[in-house]
Structure formats: C-alpha cells, structure tokens
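File shown: query.pdb. Contents: PDB, C-alpha atoms (C1' of nucleotides).
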MODEL        1
ATOM      1  CA  MET Y 161       0.464  40.109 -50.425  1.00  0.00           C
ATOM      2  CA  LYS Y 162      -1.511  36.914 -49.966  1.00  0.00           C
ATOM      3  CA  ASP Y 163      -0.436  35.748 -53.377  1.00  0.00           C
ATOM      4  CA  LYS Y 164       3.141  36.744 -52.792  1.00  0.00           C
ATOM      5  CA  LEU Y 165       3.420  34.907 -49.494  1.00  0.00           C
ATOM      6  CA  LEU Y 166       1.836  31.832 -50.998  1.00  0.00           C
ATOM      7  CA  GLU Y 167       4.181  31.985 -53.948  1.00  0.00           C
ATOM      8  CA  VAL Y 168       7.157  32.210 -51.587  1.00  0.00           C
ATOM      9  CA  TYR Y 169       5.882  29.172 -49.721  1.00  0.00           C
ATOM     10  CA  GLU Y 170       5.310  27.261 -52.903  1.00  0.00           C
ATOM     11  CA  ARG Y 171       8.801  27.970 -54.136  1.00  0.00           C
ATOM     12  CA  LEU Y 172      10.335  26.939 -50.848  1.00  0.00           C
ATOM     13  CA  VAL Y 173       8.413  23.666 -50.800  1.00  0.00           C
ATOM     14  CA  ASP Y 174       9.395  22.964 -54.396  1.00  0.00           C
ATOM     15  CA  PHE Y 175      13.027  23.640 -53.620  1.00  0.00           C
ATOM     16  CA  PHE Y 176      13.473  22.112 -50.169  1.00  0.00           C
ATOM     17  CA  GLY Y 177      10.409  19.908 -49.661  1.00  0.00           C
ATOM     18  CA  HIS Y 178       8.270  19.886 -46.529  1.00  0.00           C
ATOM     19  CA  GLN Y 179      10.309  20.111 -43.342  1.00  0.00           C
ATOM     20  CA  HIS Y 180       8.295  18.273 -40.667  1.00  0.00           C
ATOM     21  CA  TRP Y 181       9.567  20.458 -37.832  1.00  0.00           C
ATOM     22  CA  TRP Y 182      10.393  20.702 -34.891  1.00  0.00           C
ATOM     23  CA  PRO Y 183      13.132  18.050 -34.570  1.00  0.00           C
ATOM     24  CA  ALA Y 184      12.436  16.534 -31.135  1.00  0.00           C
ATOM     25  CA  GLU Y 185      11.172  13.337 -29.563  1.00  0.00           C
ATOM     26  CA  SER Y 186       8.588  14.943 -27.313  1.00  0.00           C
ATOM     27  CA  GLU Y 187       6.641  18.118 -26.752  1.00  0.00           C
ATOM     28  CA  PHE Y 188       8.703  18.890 -23.689  1.00  0.00           C
ATOM     29  CA  GLU Y 189      11.901  18.459 -25.651  1.00  0.00           C
ATOM     30  CA  VAL Y 190      10.614  21.118 -28.056  1.00  0.00           C
ATOM     31  CA  CYS Y 191      10.313  23.522 -25.126  1.00  0.00           C
ATOM     32  CA  VAL Y 192      13.820  22.736 -23.938  1.00  0.00           C
ATOM     33  CA  GLY Y 193      15.190  23.253 -27.424  1.00  0.00           C
ATOM     34  CA  ALA Y 194      13.300  26.536 -27.776  1.00  0.00           C
ATOM     35  CA  ILE Y 195      14.977  27.901 -24.659  1.00  0.00           C
ATOM     36  CA  LEU Y 196      18.427  26.524 -25.392  1.00  0.00           C
ATOM     37  CA  THR Y 197      18.552  27.721 -28.986  1.00  0.00           C
ATOM     38  CA  GLN Y 198      18.258  31.402 -28.069  1.00  0.00           C
ATOM     39  CA  ASN Y 199      20.938  33.115 -30.161  1.00  0.00           C
ATOM     40  CA  THR Y 200      22.704  29.783 -30.459  1.00  0.00           C
ATOM     41  CA  ASN Y 201      23.667  27.405 -33.236  1.00  0.00           C
ATOM     42  CA  TRP Y 202      21.322  24.399 -33.285  1.00  0.00           C
ATOM     43  CA  LYS Y 203      24.257  21.966 -33.418  1.00  0.00           C
ATOM     44  CA  ASN Y 204      25.325  23.170 -29.987  1.00  0.00           C
ATOM     45  CA  VAL Y 205      21.778  22.814 -28.712  1.00  0.00           C
ATOM     46  CA  GLU Y 206      21.671  19.198 -29.896  1.00  0.00           C
ATOM     47  CA  LYS Y 207      24.697  18.418 -27.781  1.00  0.00           C
ATOM     48  CA  ALA Y 208      23.063  19.901 -24.712  1.00  0.00           C
ATOM     49  CA  ILE Y 209      19.819  18.032 -25.360  1.00  0.00           C
ATOM     50  CA  GLU Y 210      21.725  14.786 -25.844  1.00  0.00           C
ATOM     51  CA  SER Y 211      23.504  15.222 -22.542  1.00  0.00           C
ATOM     52  CA  LEU Y 212      20.188  15.764 -20.757  1.00  0.00           C
ATOM     53  CA  LYS Y 213      18.722  12.705 -22.426  1.00  0.00           C
ATOM     54  CA  LYS Y 214      21.753  10.579 -21.689  1.00  0.00           C
ATOM     55  CA  SER Y 215      21.223  11.303 -17.997  1.00  0.00           C
ATOM     56  CA  ASN Y 216      17.488  10.583 -18.343  1.00  0.00           C
ATOM     57  CA  LEU Y 217      16.673  14.144 -17.343  1.00  0.00           C
ATOM     58  CA  MET Y 218      14.405  15.171 -20.214  1.00  0.00           C
ATOM     59  CA  ASP Y 219      11.527  15.585 -17.788  1.00  0.00           C
ATOM     60  CA  PRO Y 220      10.131  18.813 -16.332  1.00  0.00           C
ATOM     61  CA  LYS Y 221       9.704  17.408 -12.819  1.00  0.00           C
ATOM     62  CA  LEU Y 222      13.303  16.232 -12.695  1.00  0.00           C
ATOM     63  CA  ILE Y 223      14.750  19.442 -14.084  1.00  0.00           C
ATOM     64  CA  ALA Y 224      12.581  21.494 -11.743  1.00  0.00           C
ATOM     65  CA  SER Y 225      14.146  19.699  -8.810  1.00  0.00           C
ATOM     66  CA  MET Y 226      17.777  20.003  -9.918  1.00  0.00           C
ATOM     67  CA  ASP Y 227      20.335  22.591  -8.830  1.00  0.00           C
ATOM     68  CA  THR Y 228      20.943  25.193 -11.504  1.00  0.00           C
ATOM     69  CA  GLU Y 229      24.660  24.401 -11.294  1.00  0.00           C
ATOM     70  CA  ARG Y 230      23.977  20.803 -12.253  1.00  0.00           C
ATOM     71  CA  ILE Y 231      21.744  21.878 -15.130  1.00  0.00           C
ATOM     72  CA  ALA Y 232      24.376  24.371 -16.253  1.00  0.00           C
ATOM     73  CA  GLU Y 233      27.048  21.671 -16.457  1.00  0.00           C
ATOM     74  CA  LEU Y 234      24.836  19.476 -18.596  1.00  0.00           C
ATOM     75  CA  ILE Y 235      23.766  22.175 -21.050  1.00  0.00           C
ATOM     76  CA  LYS Y 236      27.145  23.883 -21.299  1.00  0.00           C
ATOM     77  CA  PRO Y 237      27.614  23.296 -25.056  1.00  0.00           C
ATOM     78  CA  SER Y 238      24.539  25.383 -25.814  1.00  0.00           C
ATOM     79  CA  GLY Y 239      26.247  28.548 -24.569  1.00  0.00           C
ATOM     80  CA  PHE Y 240      24.971  31.217 -22.133  1.00  0.00           C
ATOM     81  CA  TYR Y 241      24.631  28.177 -19.950  1.00  0.00           C
ATOM     82  CA  ARG Y 242      24.315  29.896 -16.581  1.00  0.00           C
ATOM     83  CA  GLN Y 243      21.343  32.019 -17.579  1.00  0.00           C
ATOM     84  CA  LYS Y 244      19.826  29.243 -19.642  1.00  0.00           C
ATOM     85  CA  ALA Y 245      20.036  26.879 -16.674  1.00  0.00           C
ATOM     86  CA  LYS Y 246      18.037  29.347 -14.620  1.00  0.00           C
ATOM     87  CA  ARG Y 247      15.549  29.923 -17.431  1.00  0.00           C
ATOM     88  CA  LEU Y 248      15.073  26.224 -17.995  1.00  0.00           C
ATOM     89  CA  LYS Y 249      14.632  25.430 -14.316  1.00  0.00           C
ATOM     90  CA  ASN Y 250      12.268  28.349 -13.873  1.00  0.00           C
ATOM     91  CA  PHE Y 251      10.197  27.227 -16.852  1.00  0.00           C
ATOM     92  CA  CYS Y 252      10.046  23.659 -15.555  1.00  0.00           C
ATOM     93  CA  GLU Y 253       9.000  24.748 -12.071  1.00  0.00           C
ATOM     94  CA  TRP Y 254       6.211  26.786 -13.590  1.00  0.00           C
ATOM     95  CA  LEU Y 255       5.189  23.965 -15.917  1.00  0.00           C
ATOM     96  CA  VAL Y 256       4.996  21.441 -13.085  1.00  0.00           C
ATOM     97  CA  ASP Y 257       3.126  23.994 -11.049  1.00  0.00           C
ATOM     98  CA  ILE Y 258       0.379  24.499 -13.609  1.00  0.00           C
ATOM     99  CA  GLY Y 259       0.118  20.763 -14.217  1.00  0.00           C
ATOM    100  CA  GLY Y 260       2.131  20.246 -17.389  1.00  0.00           C
ATOM    101  CA  LEU Y 261       1.860  20.949 -21.098  1.00  0.00           C
ATOM    102  CA  ASP Y 262      -1.621  19.448 -21.343  1.00  0.00           C
ATOM    103  CA  ARG Y 263      -2.968  22.078 -18.948  1.00  0.00           C
ATOM    104  CA  LEU Y 264      -1.227  24.803 -20.927  1.00  0.00           C
ATOM    105  CA  ARG Y 265      -2.738  23.467 -24.134  1.00  0.00           C
ATOM    106  CA  GLU Y 266      -6.244  23.779 -22.708  1.00  0.00           C
ATOM    107  CA  LEU Y 267      -5.877  27.536 -22.264  1.00  0.00           C
ATOM    108  CA  PRO Y 268      -6.980  29.931 -24.998  1.00  0.00           C
ATOM    109  CA  LEU Y 269      -4.047  30.833 -27.210  1.00  0.00           C
ATOM    110  CA  GLU Y 270      -3.753  34.449 -26.093  1.00  0.00           C
ATOM    111  CA  ILE Y 271      -3.860  33.483 -22.424  1.00  0.00           C
ATOM    112  CA  ALA Y 272      -1.267  30.745 -22.826  1.00  0.00           C
ATOM    113  CA  ARG Y 273       0.942  33.174 -24.717  1.00  0.00           C
ATOM    114  CA  SER Y 274       0.753  35.927 -22.128  1.00  0.00           C
ATOM    115  CA  GLU Y 275       1.435  33.436 -19.324  1.00  0.00           C
ATOM    116  CA  LEU Y 276       4.538  32.185 -21.119  1.00  0.00           C
ATOM    117  CA  LEU Y 277       5.717  35.748 -21.702  1.00  0.00           C
ATOM    118  CA  LYS Y 278       5.596  36.460 -17.986  1.00  0.00           C
ATOM    119  CA  LEU Y 279       8.418  34.002 -17.402  1.00  0.00           C
ATOM    120  CA  LYS Y 280      11.957  35.367 -17.192  1.00  0.00           C
ATOM    121  CA  GLY Y 281      13.839  34.222 -20.244  1.00  0.00           C
ATOM    122  CA  ILE Y 282      10.797  33.415 -22.375  1.00  0.00           C
ATOM    123  CA  GLY Y 283      10.452  36.113 -24.997  1.00  0.00           C
ATOM    124  CA  LEU Y 284       8.314  36.423 -28.100  1.00  0.00           C
ATOM    125  CA  GLU Y 285      10.055  33.883 -30.278  1.00  0.00           C
ATOM    126  CA  THR Y 286      10.524  31.294 -27.547  1.00  0.00           C
ATOM    127  CA  ALA Y 287       6.893  31.586 -26.450  1.00  0.00           C
ATOM    128  CA  ASP Y 288       5.602  31.300 -30.002  1.00  0.00           C
ATOM    129  CA  SER Y 289       7.898  28.359 -30.762  1.00  0.00           C
ATOM    130  CA  ILE Y 290       6.505  26.522 -27.750  1.00  0.00           C
ATOM    131  CA  LEU Y 291       2.923  27.376 -28.707  1.00  0.00           C
ATOM    132  CA  LEU Y 292       3.294  26.338 -32.336  1.00  0.00           C
ATOM    133  CA  TYR Y 293       5.712  23.427 -32.250  1.00  0.00           C
ATOM    134  CA  ALA Y 294       5.078  21.906 -28.834  1.00  0.00           C
ATOM    135  CA  LEU Y 295       1.374  22.632 -28.397  1.00  0.00           C
ATOM    136  CA  GLY Y 296       0.243  22.815 -32.016  1.00  0.00           C
ATOM    137  CA  LYS Y 297      -1.384  26.229 -31.607  1.00  0.00           C
ATOM    138  CA  PRO Y 298      -1.864  28.366 -34.736  1.00  0.00           C
ATOM    139  CA  ILE Y 299       0.652  31.160 -34.264  1.00  0.00           C
ATOM    140  CA  PHE Y 300       3.425  32.184 -36.644  1.00  0.00           C
ATOM    141  CA  VAL Y 301       6.991  32.191 -35.300  1.00  0.00           C
ATOM    142  CA  VAL Y 302       9.234  35.085 -36.282  1.00  0.00           C
ATOM    143  CA  ASP Y 303      12.989  34.854 -35.878  1.00  0.00           C
ATOM    144  CA  ALA Y 304      16.225  36.334 -37.168  1.00  0.00           C
ATOM    145  CA  TYR Y 305      16.024  34.231 -40.319  1.00  0.00           C
ATOM    146  CA  THR Y 306      12.488  35.375 -41.021  1.00  0.00           C
ATOM    147  CA  TYR Y 307      13.588  38.978 -40.732  1.00  0.00           C
ATOM    148  CA  ARG Y 308      16.706  38.485 -42.816  1.00  0.00           C
ATOM    149  CA  VAL Y 309      15.000  36.592 -45.614  1.00  0.00           C
ATOM    150  CA  LEU Y 310      12.077  39.010 -45.847  1.00  0.00           C
ATOM    151  CA  THR Y 311      14.185  42.162 -45.779  1.00  0.00           C
ATOM    152  CA  ARG Y 312      16.666  40.725 -48.259  1.00  0.00           C
ATOM    153  CA  HIS Y 313      13.826  40.145 -50.661  1.00  0.00           C
ATOM    154  CA  SER Y 314      12.170  43.496 -49.922  1.00  0.00           C
ATOM    155  CA  LEU Y 315       9.013  41.908 -48.555  1.00  0.00           C
ATOM    156  CA  ILE Y 316       9.149  43.979 -45.344  1.00  0.00           C
ATOM    157  CA  ASP Y 317      10.775  47.224 -44.145  1.00  0.00           C
ATOM    158  CA  GLU Y 318      14.099  47.178 -42.352  1.00  0.00           C
ATOM    159  CA  ASP Y 319      12.429  48.530 -39.224  1.00  0.00           C
ATOM    160  CA  ALA Y 320       9.593  45.995 -39.129  1.00  0.00           C
ATOM    161  CA  ASP Y 321       9.123  44.651 -35.614  1.00  0.00           C
ATOM    162  CA  TYR Y 322       8.177  41.192 -34.374  1.00  0.00           C
ATOM    163  CA  HIS Y 323       4.464  41.850 -34.189  1.00  0.00           C
ATOM    164  CA  SER Y 324       4.153  43.415 -37.623  1.00  0.00           C
ATOM    165  CA  ILE Y 325       6.006  40.527 -39.252  1.00  0.00           C
ATOM    166  CA  GLN Y 326       3.883  37.996 -37.416  1.00  0.00           C
ATOM    167  CA  GLU Y 327       0.735  39.863 -38.458  1.00  0.00           C
ATOM    168  CA  LEU Y 328       1.872  39.898 -42.050  1.00  0.00           C
ATOM    169  CA  PHE Y 329       1.849  36.107 -42.141  1.00  0.00           C
ATOM    170  CA  MET Y 330      -1.157  35.539 -39.940  1.00  0.00           C
ATOM    171  CA  SER Y 331      -3.443  37.962 -41.724  1.00  0.00           C
ATOM    172  CA  ASN Y 332      -2.460  36.794 -45.185  1.00  0.00           C
ATOM    173  CA  LEU Y 333      -2.314  33.040 -44.756  1.00  0.00           C
ATOM    174  CA  PRO Y 334      -4.982  30.500 -43.853  1.00  0.00           C
ATOM    175  CA  ASN Y 335      -5.009  29.778 -40.123  1.00  0.00           C
ATOM    176  CA  ASP Y 336      -3.317  26.421 -40.511  1.00  0.00           C
ATOM    177  CA  VAL Y 337      -0.933  24.992 -37.921  1.00  0.00           C
ATOM    178  CA  GLU Y 338       0.822  22.682 -40.348  1.00  0.00           C
ATOM    179  CA  LEU Y 339       1.316  25.547 -42.796  1.00  0.00           C
ATOM    180  CA  PHE Y 340       2.733  27.795 -40.069  1.00  0.00           C
ATOM    181  CA  LYS Y 341       5.097  25.079 -38.891  1.00  0.00           C
ATOM    182  CA  ASP Y 342       6.353  24.263 -42.332  1.00  0.00           C
ATOM    183  CA  TYR Y 343       6.608  27.858 -43.536  1.00  0.00           C
ATOM    184  CA  HIS Y 344       8.727  29.005 -40.623  1.00  0.00           C
ATOM    185  CA  ALA Y 345      10.937  25.931 -40.893  1.00  0.00           C
ATOM    186  CA  LEU Y 346      11.441  26.588 -44.588  1.00  0.00           C
ATOM    187  CA  LEU Y 347      12.443  30.203 -43.923  1.00  0.00           C
ATOM    188  CA  VAL Y 348      15.090  28.964 -41.506  1.00  0.00           C
ATOM    189  CA  VAL Y 349      16.378  26.375 -43.927  1.00  0.00           C
ATOM    190  CA  LEU Y 350      16.497  28.973 -46.691  1.00  0.00           C
ATOM    191  CA  GLY Y 351      18.207  31.499 -44.434  1.00  0.00           C
ATOM    192  CA  LYS Y 352      20.915  29.058 -43.498  1.00  0.00           C
ATOM    193  CA  ARG Y 353      21.677  28.293 -47.121  1.00  0.00           C
ATOM    194  CA  PHE Y 354      21.077  31.475 -49.087  1.00  0.00           C
ATOM    195  CA  CYS Y 355      20.622  34.704 -47.188  1.00  0.00           C
ATOM    196  CA  LYS Y 356      23.887  34.840 -45.276  1.00  0.00           C
ATOM    197  CA  LYS Y 357      25.706  37.541 -47.183  1.00  0.00           C
ATOM    198  CA  LYS Y 358      24.611  40.990 -48.237  1.00  0.00           C
ATOM    199  CA  PRO Y 359      24.094  40.724 -51.983  1.00  0.00           C
ATOM    200  CA  LEU Y 360      21.172  38.666 -53.150  1.00  0.00           C
ATOM    201  CA  CYS Y 361      22.470  35.191 -53.916  1.00  0.00           C
ATOM    202  CA  GLU Y 362      22.304  33.719 -57.349  1.00  0.00           C
ATOM    203  CA  ASN Y 363      20.201  30.535 -57.542  1.00  0.00           C
ATOM    204  CA  CYS Y 364      18.214  31.530 -54.458  1.00  0.00           C
ATOM    205  CA  PRO Y 365      14.822  29.887 -54.915  1.00  0.00           C
ATOM    206  CA  LEU Y 366      13.152  33.209 -54.079  1.00  0.00           C
ATOM    207  CA  LYS Y 367      14.977  35.205 -56.711  1.00  0.00           C
ATOM    208  CA  GLY Y 368      12.524  37.440 -58.495  1.00  0.00           C
ATOM    209  CA  VAL Y 369       9.496  37.237 -56.190  1.00  0.00           C
TER     210      VAL Y 369
ATOM    211  C1'  DC X 143      42.484  35.738 -35.917  1.00  0.00           C
ATOM    212  C1'  DC X 144      37.813  36.865 -37.120  1.00  0.00           C
ATOM    213  C1'  DC X 145      32.535  36.176 -37.342  1.00  0.00           C
ATOM    214  C1'  DC X 146      28.328  34.065 -36.340  1.00  0.00           C
ATOM    215  C1'  DA X 147      24.440  31.280 -34.364  1.00  0.00           C
ATOM    216  C1'  DG X 148      16.519  29.290 -34.698  1.00  0.00           C
ATOM    217  C1'  DG X 149      17.110  35.740 -28.040  1.00  0.00           C
ATOM    218  C1'  DC X 150      16.384  37.861 -23.835  1.00  0.00           C
ATOM    219  C1'  DG X 151      16.819  41.060 -19.897  1.00  0.00           C
ATOM    220  C1'  DT X 152      18.799  45.162 -18.171  1.00  0.00           C
ATOM    221  C1'  DC X 153      20.285  49.716 -18.266  1.00  0.00           C
ATOM    222  C1'  DC X 154      20.215  54.290 -19.818  1.00  0.00           C
ATOM    223  C1'  DA X 155      18.887  58.359 -22.526  1.00  0.00           C
TER     224       DA X 155
ATOM    225  C1'  DT W 135      10.673  53.210 -26.795  1.00  0.00           C
ATOM    226  C1'  DG W 136      14.743  52.144 -28.513  1.00  0.00           C
ATOM    227  C1'  DG W 137      19.680  51.298 -28.797  1.00  0.00           C
ATOM    228  C1'  DA W 138      23.872  49.246 -26.568  1.00  0.00           C
ATOM    229  C1'  DC W 139      25.579  45.528 -24.011  1.00  0.00           C
ATOM    230  C1'  DG W 140      26.380  40.994 -21.522  1.00  0.00           C
ATOM    231  C1'  DC W 141      25.686  36.352 -21.773  1.00  0.00           C
ATOM    232  C1'  DA W 142      29.368  31.659 -23.828  1.00  0.00           C
ATOM    233  C1'  DT W 143      30.108  27.666 -26.597  1.00  0.00           C
ATOM    234  C1'  DG W 144      31.679  25.543 -30.928  1.00  0.00           C
ATOM    235  C1'  DG W 145      32.155  25.681 -35.964  1.00  0.00           C
ATOM    236  C1'  DG W 146      33.700  27.925 -40.247  1.00  0.00           C
TER     237       DG W 146
ENDMDL
END
In structure tokens, write the structure found in this file.
Amino acid sequence: MKDKLLEVYERLVDFFGHQHWWPAESEFEVCVGAILTQNTNWKNVEKAIESLKKSNLMDPKLIASMDTERIAELIKPSGFYRQKAKRLKNFCEWLVDIGGLDRLRELPLEIARSELLKLKGIGLETADSILLYALGKPIFVVDAYTYRVLTRHSLIDEDADYHSIQELFMSNLPNDVELFKDYHALLVVLGKRFCKKKPLCENCPLKGV
DNA sequence: CCCCAGGCGTCCA
DNA sequence: TGGACGCATGGG
C-alpha cells in the first residue's frame, strides 16, 4: 500500500504539478474558507471571502463582534449562509477567547483537534483543514473527492469511513506536512477533472494503478 | 429543467 | 450507529 500511495502521488505530481495549497492570504483566511466551503463550490466561497475582505473584515476580532445577520449578508454567495454565519462567528469568538491561532498552534495536535471538534459547525474535514493548511500540523484531510477518487480506483471499500481513510494515508506515508498538503490538493484537482462520472475516465492519470 | 459543489447537525429507528 | 433530511447559492 505504501508503494501504491506513493505511485499515485507521483503520477498526480507528474500530471498536475505541485499545488501549493491552500489558496489564501492568511492563516485566518484559510479557516474562514474551510468553514464556508462546506458542501459548497469554491467559486462561491471566493465571492464570500472577497466581500469580507472588501469590507476589511477578514479579522477574527471584528467578525466575533458582528451581528450574525450582517455576516450572513456578506457571505451569502457561499450558500447555507445563515448557519455558516453562526458557525463563523462562533469560531471567531472562540478563537479570540483562546488568544488566536498562535495559541492554538502551541497545543499538541490531538488536543487542538478535539477542541476544534467541540465547536458547532466544525466537523472532521473542517477541523483537519484548519490544522493542516492554517496551522501546518501533520494531519491528512479527507473529503468527498478523496473518497470518490479512491473508491473509483478501488483503493478503498465503498463503506470506508473518514478515520479509516485518514489512517490509510497517515500510516503509509512519511509524516510530512508539505506532502499531506500537496497530496490532498492533488486529489481534489484530480477529482474535479476526472472522477465526476461513474465509468473510469480514459486518460485519467491514475488509470491502471 | 436538472444536478452538483473542498459538510455538518439533528432526528429517528 | 447509521441513514435521511435541511441548509442555499451559483454554475453547467
């Protein structure tokens, strides 16, 4: 399995190149994007992030002090905007409360993760995205693309859950933050291009693994 | 018109 | 514990 996962990675890098994720101007912006992109097209998330930036509100203290209605208006393009406004505000209040991302970064990975997971609206993928892409912690992010790509290529069972997929990567790959970042990003990029429809695509870079 | 998108919480058996 | 459902916009 080690060899197979490394071969997949190699093929993806050869085909797409390194991805240099997450696309954001700051660590906090990564967190905002992670919450806003829940079951949502990234293009819509970009619009919401732009509207926050345009109002100079890409700041946890400011968002923590805003009315959820005001937040909701600004992030509307990202969809589910009423619940996301609450989730975002709640996250920011908590973040300000603990003293910011630098305090969170100082915690041991498992502690930081379980604290994030206590927040309403922060689930497994969102927590791991924040840990990996905002804080640079070595944890592998699993998402719908990961599942789709791996099942389509028979690398995991249909009923594999989040933890088992995460363990598959983390126990078979070197514990390398840059590798984890790039690998997950590449799976997303691949999923967007090639694993949409049922039958295995021709000219998919993973064909035959 | 349809379907889908870088999930999550709640409810119910 | 696991499956259905609501949440909502914008693009194809």
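If you apply the PyMOL selection byres ((chain W) within 10 of (chain Y)) to this structure, you end up with DG140, DC141, DA142, DT143, DG144 and DG145 of chain W.
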Original post:
Which residues match the PyMOL selection byres ((chain X) within 9 of (chain Y)) in the file above, as a PyMOL selection string?
Top reply: chain X and resi 146-151
Subject >> Result set, the PyMOL selection byres ((chain Y and resi 364) around 10) on current file, as a PyMOL selection string >> reply: chain Y and resi 172+175+350+353-355+360-363+365-368
Please produce a file of the residues just selected, as a PDB file, in the coordinates of the input, where the atoms kept are C-alpha atoms.
ATOM      1  CA  LEU Y 172      10.335  26.939 -50.848  1.00  0.00           C
ATOM      2  CA  PHE Y 175      13.027  23.640 -53.620  1.00  0.00           C
ATOM      3  CA  LEU Y 350      16.497  28.973 -46.691  1.00  0.00           C
ATOM      4  CA  ARG Y 353      21.677  28.293 -47.121  1.00  0.00           C
ATOM      5  CA  PHE Y 354      21.077  31.475 -49.087  1.00  0.00           C
ATOM      6  CA  CYS Y 355      20.622  34.704 -47.188  1.00  0.00           C
ATOM      7  CA  LEU Y 360      21.172  38.666 -53.150  1.00  0.00           C
ATOM      8  CA  CYS Y 361      22.470  35.191 -53.916  1.00  0.00           C
ATOM      9  CA  GLU Y 362      22.304  33.719 -57.349  1.00  0.00           C
ATOM     10  CA  ASN Y 363      20.201  30.535 -57.542  1.00  0.00           C
ATOM     11  CA  PRO Y 365      14.822  29.887 -54.915  1.00  0.00           C
ATOM     12  CA  LEU Y 366      13.152  33.209 -54.079  1.00  0.00           C
ATOM     13  CA  LYS Y 367      14.977  35.205 -56.711  1.00  0.00           C
ATOM     14  CA  GLY Y 368      12.524  37.440 -58.495  1.00  0.00           C
TER      15      GLY Y 368
END
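The interatomic distance for the pair CA of Ala224 (chain Y) and CA of Gly260 (chain Y) works out to 11.9 Å.
The nearest approach to Lys357 (chain Y) among the residues Y:Ala320, Y:Leu339, Y:Val190, Y:Val309, with all atoms listed in the file taken into account, belongs to Y:Val309.
Shortest separation to Leu347 (chain Y) among Y:Val192, Y:Leu328, Y:Arg308, Y:Asp219 occurs at residue Y:Arg308, atoms counted being all atoms listed in the file.
We find CA of Asp342 (chain Y) and CA of Gln179 (chain Y) to be spaced 5.8 Å apart.
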Original post:
Please, what distance in Å, to one decimal, runs between CA of Lys278 (chain Y) and CA of Lys207 (chain Y)?
Top reply: 28.0 Å
Original post:
Near DC153 (chain X), counting all atoms listed in the file, which residues have an atom at most 10 Å away, once you skip same-chain residues fewer than 2 positions from it, shown as a ChimeraX atom specification?
Top reply: /X:151,155 /W:138-139
**OP:** Find the residue from Y:Arg171, Y:Lys221, Y:Arg230, Y:Arg265 that sits nearest to Glu253 (chain Y); use all atoms listed in the file when measuring.
**Re:** Y:Lys221
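Look at Leu217 (chain Y): the protein and nucleic acid residues within 12 Å of it, using all atoms listed in the file and passing over chain neighbours fewer than 5 places away, are Phe188, Glu189, Val192, Ala208, Ile209, Glu210, Ser211, Leu212, Leu222, Ile223, Ala224, Ser225, Met226, Arg230, Ile231, Leu234, Ile235, Lys249 and Cys252 of chain Y.
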